[in-house]
Amino acid sequence: MAIDAIRTVAVLGAGTMGNGIAHVFARCGYTVILRDVEESFLTRARDTITKNLDREVKKGKVAEADISRILGRIQTTTDLSQLARADFAVEAVPERLDLKLAVMREADKLLRPEVILASNTSSISVTTLAAAAGRPDRFIGMHFMNPVPVMVLIEVIRALQTSDETFHTTMALCERLEKKPVAVNDAPGFVSNRVLLPMINEAAFAVMEGVATAEAVDAILILGMNHPMGPLELADFIGLDTCVHILDILLEGFGDSKYRACPLLRKMVAAGWLGRKSGRGFYSYEGKR
Ligand SMILES: NC(=O)c1ccc[n+]([C@@H]2O[C@H](COP(=O)([O-])OP(=O)(O)OC[C@H]3O[C@@H](n4cnc5c(N)ncnc54)[C@H](O)[C@@H]3O)[C@@H](O)[C@H]2O)c1
């Protein structure tokens, strides 16, 4: 589909990523059909988008007068048949292969044949998803970063089957969202997680071996390498369970023991110390959530 023909975008899943993706499309003038399985999730998403738009007004990124127009572009629904109106679709349902495959198949039946279907998966092979999606050449990975309204990168992942047309349209669409797309080919962890997770893992090993405290490891990366946040604070932000899950995907995908998750990470996950979301990880967040 030509880029100028894309006016209405379906976003499947209104969670952490889905509400951010809907926010950004609506802010950039697109009509959004935001779909989730329960009305209460859609209400929560709309509340989050409203709060985040207010924050953007305070930062001078959005004019207060535009807020109602932006919110007015987002149509929330539990009715899957609304997908038939979409000119582009992004799926952001939970990271479970069975669920993603089911959602892809359902979406494929409803979307018009020329419509591109993108997945925001952070770790599942987009080639596998493309094979199941029924429109392999019009399938692509669009890996938005969290929080979506703030982060400029979109890692665009070409499945083996993705056509040149799908790729170029998706890259152009990312630009229209005022984001910076960076193209990669499909491989376990793509580039973002393949490079980031071994660093986080190594930082956890350094703590486990008593080389340094979490604070010291983070300070070295912040002060010495100019990282805005240390790897262990970032791990807490991502969720230690998610970190272990992605390391397991890298380990399985490459069959290389260098991706073995640090035992300390596994132990913390077993204790329920998942990072920011559980109130405790490498740092304590009691009262900060
Ligand atoms: N959270 C992150 O930092 C992050 C970053 C990059 C990519 N991702 C990826 O984005 C995707 C979504 O992650 P999230 O953190 O937003 O998850 P989430 O759990 O916050 O949200 C997922 C939403 O999808 C909904 N859902 C479930 N089944 C559905 C269906 N059949 N149709 C429509 N909606 C359905 C759920 O009710 C939920 O509201 C995952 O693939 C994840 O790996 C997450």
# chains A, B, ... in the order shown; residues from 1 in each chain; ligands from 1
$ residues_around --residues "stretch 103-119 of chain A" --least-positions-apart "6" --cutoff "6 Å" --atoms "only C-alpha atoms" --output "VMD selection string"
chain A and resid 1 83 to 84 87 to 91 133 138 to 142
$ write_last_selection --atoms "N, CA, C and O atoms" --output "mmCIF file, in the first residue's frame"
data_model
loop_
_atom_site.group_PDB
_atom_site.id
_atom_site.type_symbol
_atom_site.label_atom_id
_atom_site.label_comp_id
_atom_site.auth_asym_id
_atom_site.auth_seq_id
_atom_site.Cartn_x
_atom_site.Cartn_y
_atom_site.Cartn_z
ATOM 1 N N MET A 1 0.839 -1.202 0.000
ATOM 2 C CA MET A 1 0.000 0.000 0.000
ATOM 3 C C MET A 1 0.876 1.253 0.000
ATOM 4 O O MET A 1 1.872 1.309 0.719
ATOM 5 N N LEU A 83 -11.358 -4.020 12.289
ATOM 6 C CA LEU A 83 -10.074 -4.077 11.571
ATOM 7 C C LEU A 83 -10.226 -3.918 10.060
ATOM 8 O O LEU A 83 -9.290 -3.515 9.368
ATOM 9 N N ALA A 84 -11.382 -4.234 9.564
ATOM 10 C CA ALA A 84 -11.620 -4.168 8.115
ATOM 11 C C ALA A 84 -11.427 -2.746 7.590
ATOM 12 O O ALA A 84 -11.179 -2.549 6.408
ATOM 13 N N ASP A 87 -5.892 0.707 7.284
ATOM 14 C CA ASP A 87 -4.967 0.747 6.138
ATOM 15 C C ASP A 87 -3.578 0.224 6.530
ATOM 16 O O ASP A 87 -2.684 0.095 5.679
ATOM 17 N N PHE A 88 -3.393 -0.007 7.821
ATOM 18 C CA PHE A 88 -2.112 -0.510 8.349
ATOM 19 C C PHE A 88 -2.454 -1.070 9.729
ATOM 20 O O PHE A 88 -3.341 -0.541 10.393
ATOM 21 N N ALA A 89 -1.749 -2.123 10.150
ATOM 22 C CA ALA A 89 -2.060 -2.683 11.484
ATOM 23 C C ALA A 89 -0.773 -3.012 12.232
ATOM 24 O O ALA A 89 0.208 -3.477 11.635
ATOM 25 N N VAL A 90 -0.788 -2.728 13.527
ATOM 26 C CA VAL A 90 0.348 -3.071 14.398
ATOM 27 C C VAL A 90 -0.192 -3.923 15.532
ATOM 28 O O VAL A 90 -1.146 -3.533 16.208
ATOM 29 N N GLU A 91 0.438 -5.074 15.748
ATOM 30 C CA GLU A 91 -0.005 -5.913 16.864
ATOM 31 C C GLU A 91 0.925 -5.705 18.049
ATOM 32 O O GLU A 91 2.145 -5.665 17.902
ATOM 33 N N ALA A 133 1.149 -15.673 9.281
ATOM 34 C CA ALA A 133 0.213 -14.545 9.230
ATOM 35 C C ALA A 133 -0.666 -14.517 7.983
ATOM 36 O O ALA A 133 -1.582 -13.716 7.906
ATOM 37 N N ARG A 138 3.709 -9.041 3.192
ATOM 38 C CA ARG A 138 3.206 -7.787 3.787
ATOM 39 C C ARG A 138 3.273 -7.855 5.307
ATOM 40 O O ARG A 138 2.431 -7.317 6.000
ATOM 41 N N PHE A 139 4.283 -8.527 5.789
ATOM 42 C CA PHE A 139 4.467 -8.659 7.237
ATOM 43 C C PHE A 139 5.859 -8.135 7.600
ATOM 44 O O PHE A 139 6.819 -8.336 6.874
ATOM 45 N N ILE A 140 5.954 -7.467 8.770
ATOM 46 C CA ILE A 140 7.234 -6.859 9.163
ATOM 47 C C ILE A 140 7.279 -6.665 10.679
ATOM 48 O O ILE A 140 6.228 -6.615 11.325
ATOM 49 N N GLY A 141 8.464 -6.563 11.235
ATOM 50 C CA GLY A 141 8.612 -6.251 12.662
ATOM 51 C C GLY A 141 8.792 -4.751 12.825
ATOM 52 O O GLY A 141 9.530 -4.103 12.071
ATOM 53 N N MET A 142 8.064 -4.197 13.787
ATOM 54 C CA MET A 142 8.165 -2.762 14.078
ATOM 55 C C MET A 142 8.369 -2.689 15.585
ATOM 56 O O MET A 142 7.400 -2.701 16.348
#
$ closest_atom_pairs --of "chain A" --to "ligand 1" --cutoff "9 Å" --atoms "only C-alpha atoms and all ligand atoms" --output "JSON lines"
{"residue": "A:Val11", "atom": "CA", "partner": "ligand 1", "partner_atom_place_in_ligand_line": "33 (C)", "distance": 8.2}
{"residue": "A:Leu12", "atom": "CA", "partner": "ligand 1", "partner_atom_place_in_ligand_line": "33 (C)", "distance": 4.6}
{"residue": "A:Gly13", "atom": "CA", "partner": "ligand 1", "partner_atom_place_in_ligand_line": "34 (N)", "distance": 3.4}
{"residue": "A:Ala14", "atom": "CA", "partner": "ligand 1", "partner_atom_place_in_ligand_line": "39 (O)", "distance": 4.6}
{"residue": "A:Gly15", "atom": "CA", "partner": "ligand 1", "partner_atom_place_in_ligand_line": "21 (O)", "distance": 3.2}
{"residue": "A:Thr16", "atom": "CA", "partner": "ligand 1", "partner_atom_place_in_ligand_line": "16 (O)", "distance": 3.7}
{"residue": "A:Met17", "atom": "CA", "partner": "ligand 1", "partner_atom_place_in_ligand_line": "16 (O)", "distance": 3.6}
{"residue": "A:Gly18", "atom": "CA", "partner": "ligand 1", "partner_atom_place_in_ligand_line": "16 (O)", "distance": 5.5}
{"residue": "A:Asn19", "atom": "CA", "partner": "ligand 1", "partner_atom_place_in_ligand_line": "16 (O)", "distance": 7.7}
{"residue": "A:Gly20", "atom": "CA", "partner": "ligand 1", "partner_atom_place_in_ligand_line": "16 (O)", "distance": 8.5}
{"residue": "A:Leu34", "atom": "CA", "partner": "ligand 1", "partner_atom_place_in_ligand_line": "33 (C)", "distance": 8.5}
{"residue": "A:Arg35", "atom": "CA", "partner": "ligand 1", "partner_atom_place_in_ligand_line": "33 (C)", "distance": 5.4}
{"residue": "A:Asp36", "atom": "CA", "partner": "ligand 1", "partner_atom_place_in_ligand_line": "34 (N)", "distance": 3.7}
{"residue": "A:Val37", "atom": "CA", "partner": "ligand 1", "partner_atom_place_in_ligand_line": "34 (N)", "distance": 5.2}
{"residue": "A:Glu38", "atom": "CA", "partner": "ligand 1", "partner_atom_place_in_ligand_line": "37 (O)", "distance": 6.8}
{"residue": "A:Phe41", "atom": "CA", "partner": "ligand 1", "partner_atom_place_in_ligand_line": "39 (O)", "distance": 5.6}
{"residue": "A:Leu42", "atom": "CA", "partner": "ligand 1", "partner_atom_place_in_ligand_line": "39 (O)", "distance": 7.7}
{"residue": "A:Ala45", "atom": "CA", "partner": "ligand 1", "partner_atom_place_in_ligand_line": "39 (O)", "distance": 8.2}
{"residue": "A:Thr78", "atom": "CA", "partner": "ligand 1", "partner_atom_place_in_ligand_line": "33 (C)", "distance": 7.7}
{"residue": "A:Leu80", "atom": "CA", "partner": "ligand 1", "partner_atom_place_in_ligand_line": "32 (N)", "distance": 7.9}
{"residue": "A:Glu91", "atom": "CA", "partner": "ligand 1", "partner_atom_place_in_ligand_line": "11 (C)", "distance": 7.4}
{"residue": "A:Ala92", "atom": "CA", "partner": "ligand 1", "partner_atom_place_in_ligand_line": "11 (C)", "distance": 4.1}
{"residue": "A:Val93", "atom": "CA", "partner": "ligand 1", "partner_atom_place_in_ligand_line": "24 (O)", "distance": 3.7}
{"residue": "A:Pro94", "atom": "CA", "partner": "ligand 1", "partner_atom_place_in_ligand_line": "22 (C)", "distance": 4.6}
{"residue": "A:Glu95", "atom": "CA", "partner": "ligand 1", "partner_atom_place_in_ligand_line": "41 (O)", "distance": 4.0}
{"residue": "A:Arg96", "atom": "CA", "partner": "ligand 1", "partner_atom_place_in_ligand_line": "41 (O)", "distance": 7.4}
{"residue": "A:Leu99", "atom": "CA", "partner": "ligand 1", "partner_atom_place_in_ligand_line": "28 (N)", "distance": 6.9}
{"residue": "A:Lys100", "atom": "CA", "partner": "ligand 1", "partner_atom_place_in_ligand_line": "31 (N)", "distance": 7.8}
{"residue": "A:Ala102", "atom": "CA", "partner": "ligand 1", "partner_atom_place_in_ligand_line": "31 (N)", "distance": 7.4}
{"residue": "A:Val103", "atom": "CA", "partner": "ligand 1", "partner_atom_place_in_ligand_line": "31 (N)", "distance": 5.3}
{"residue": "A:Glu106", "atom": "CA", "partner": "ligand 1", "partner_atom_place_in_ligand_line": "31 (N)", "distance": 8.7}
{"residue": "A:Ser119", "atom": "CA", "partner": "ligand 1", "partner_atom_place_in_ligand_line": "41 (O)", "distance": 7.4}
{"residue": "A:Asn120", "atom": "CA", "partner": "ligand 1", "partner_atom_place_in_ligand_line": "10 (O)", "distance": 5.0}
{"residue": "A:Thr121", "atom": "CA", "partner": "ligand 1", "partner_atom_place_in_ligand_line": "41 (O)", "distance": 3.7}
{"residue": "A:Ser122", "atom": "CA", "partner": "ligand 1", "partner_atom_place_in_ligand_line": "43 (O)", "distance": 4.3}
{"residue": "A:Ser123", "atom": "CA", "partner": "ligand 1", "partner_atom_place_in_ligand_line": "43 (O)", "distance": 6.5}
{"residue": "A:Ile124", "atom": "CA", "partner": "ligand 1", "partner_atom_place_in_ligand_line": "41 (O)", "distance": 7.9}
{"residue": "A:Met142", "atom": "CA", "partner": "ligand 1", "partner_atom_place_in_ligand_line": "7 (C)", "distance": 8.9}
{"residue": "A:His143", "atom": "CA", "partner": "ligand 1", "partner_atom_place_in_ligand_line": "7 (C)", "distance": 5.8}
{"residue": "A:Phe144", "atom": "CA", "partner": "ligand 1", "partner_atom_place_in_ligand_line": "6 (C)", "distance": 5.5}
{"residue": "A:Met145", "atom": "CA", "partner": "ligand 1", "partner_atom_place_in_ligand_line": "6 (C)", "distance": 5.0}
{"residue": "A:Asn146", "atom": "CA", "partner": "ligand 1", "partner_atom_place_in_ligand_line": "3 (O)", "distance": 4.7}
{"residue": "A:Pro147", "atom": "CA", "partner": "ligand 1", "partner_atom_place_in_ligand_line": "3 (O)", "distance": 7.2}
{"residue": "A:Val148", "atom": "CA", "partner": "ligand 1", "partner_atom_place_in_ligand_line": "5 (C)", "distance": 8.4}
{"residue": "A:Phe237", "atom": "CA", "partner": "ligand 1", "partner_atom_place_in_ligand_line": "3 (O)", "distance": 8.4}
{"residue": "A:Ile238", "atom": "CA", "partner": "ligand 1", "partner_atom_place_in_ligand_line": "3 (O)", "distance": 6.0}
{"residue": "A:Gly239", "atom": "CA", "partner": "ligand 1", "partner_atom_place_in_ligand_line": "3 (O)", "distance": 8.6}
{"residue": "A:Thr242", "atom": "CA", "partner": "ligand 1", "partner_atom_place_in_ligand_line": "43 (O)", "distance": 8.7}
$ closest_atom_pairs --of "stretch 12-125 of chain A" --to "stretch 171-193 of chain A" --cutoff "7 Å" --atoms "only C-alpha atoms" --output "JSON lines"
{"residue": "A:Val24", "atom": "CA", "partner": "A:Leu177", "partner_atom": "CA", "distance": 6.6}
{"residue": "A:Phe25", "atom": "CA", "partner": "A:Leu177", "partner_atom": "CA", "distance": 6.5}
{"residue": "A:Cys28", "atom": "CA", "partner": "A:Leu177", "partner_atom": "CA", "distance": 5.9}
{"residue": "A:Ser123", "atom": "CA", "partner": "A:Gly189", "partner_atom": "CA", "distance": 5.3}
{"residue": "A:Ser125", "atom": "CA", "partner": "A:Asp186", "partner_atom": "CA", "distance": 6.6}
$ closest_residue --among "A:Val207, A:Leu101, A:Leu71, A:Val156" --to "A:His168" --atoms "only C-alpha atoms"
A:Val156
$ closest_residue --among "A:Leu264, A:Val244, A:Ala65, A:Ala86" --to "A:Ala206" --atoms "only C-alpha atoms"
A:Leu264
$ atom_distance --atom1 "atom CA of A:Glu209" --atom2 "atom CA of A:Leu250"
22.8 Å
$ residues_around --residues "A:Leu247" --least-positions-apart "5" --cutoff "7 Å" --atoms "only C-alpha atoms" --output "ChimeraX atom specification"
/A:197,259-261
$ write_last_selection --atoms "C-alpha atoms" --output "PDB file, in the first residue's frame"
ATOM      1  CA  LEU A 197      21.029  -8.182  27.307  1.00  0.00           C
ATOM      2  CA  TYR A 259      23.906 -16.066  26.544  1.00  0.00           C
ATOM      3  CA  ARG A 260      23.412 -18.186  29.705  1.00  0.00           C
ATOM      4  CA  ALA A 261      21.389 -16.073  32.164  1.00  0.00           C
TER       5      ALA A 261
END
$ select_by_dssp --residues "stretch 133-209 of chain A" --states "alpha helix (DSSP H)" --output "PyMOL selection string"
chain A and resi 164-176+192-208
$ closest_residue --among "A:Leu232, A:Met208, A:Asp79, A:Gly279" --to "A:Ile220" --atoms "only C-alpha atoms"
A:Leu232
$ closest_residue --among "A:Met225, A:Ala132, A:Leu240, A:Leu251" --to "A:Leu265" --atoms "only C-alpha atoms"
A:Leu240
$ residues_around --residues "A:Ala159" --least-positions-apart "2" --cutoff "6 Å" --atoms "only C-alpha atoms" --output "CSV table (one decimal) with all heavy atoms, in the first residue's frame"
chain,number,residue,atom,x,y,z
A,126,VAL,N,10.3,-12.8,13.6
A,126,VAL,CA,9.3,-12.3,12.7
A,126,VAL,C,9.1,-13.1,11.4
A,126,VAL,O,8.1,-13.1,10.8
A,126,VAL,CB,9.6,-10.8,12.3
A,126,VAL,CG1,9.4,-9.9,13.5
A,126,VAL,CG2,10.9,-10.6,11.7
A,127,THR,N,10.1,-13.9,11.1
A,127,THR,CA,10.0,-14.8,10.0
A,127,THR,C,9.0,-15.9,10.3
A,127,THR,O,8.1,-16.3,9.5
A,127,THR,CB,11.4,-15.5,9.7
A,127,THR,OG1,12.3,-14.4,9.4
A,127,THR,CG2,11.3,-16.4,8.5
A,161,GLN,N,10.6,-13.1,4.4
A,161,GLN,CA,9.6,-13.0,3.3
A,161,GLN,C,9.2,-11.5,3.1
A,161,GLN,O,8.4,-11.3,2.1
A,161,GLN,CB,8.3,-13.7,3.8
A,161,GLN,CG,8.6,-15.2,4.2
A,161,GLN,CD,8.7,-15.3,5.7
A,161,GLN,OE1,9.4,-14.4,6.3
A,161,GLN,NE2,8.1,-16.3,6.3
A,162,THR,N,9.6,-10.5,3.9
A,162,THR,CA,9.1,-9.2,3.7
A,162,THR,C,9.5,-8.6,2.3
A,162,THR,O,10.6,-8.7,2.0
A,162,THR,CB,9.7,-8.3,4.8
A,162,THR,OG1,9.4,-8.8,6.1
A,162,THR,CG2,9.2,-6.8,4.8
A,186,ASP,N,16.0,-10.2,10.4
A,186,ASP,CA,15.5,-11.1,11.5
A,186,ASP,C,16.6,-12.0,12.0
A,186,ASP,O,17.2,-12.7,11.2
A,186,ASP,CB,14.3,-11.9,11.0
A,186,ASP,CG,13.6,-12.6,12.1
A,186,ASP,OD1,13.7,-12.2,13.3
A,186,ASP,OD2,12.9,-13.7,11.8
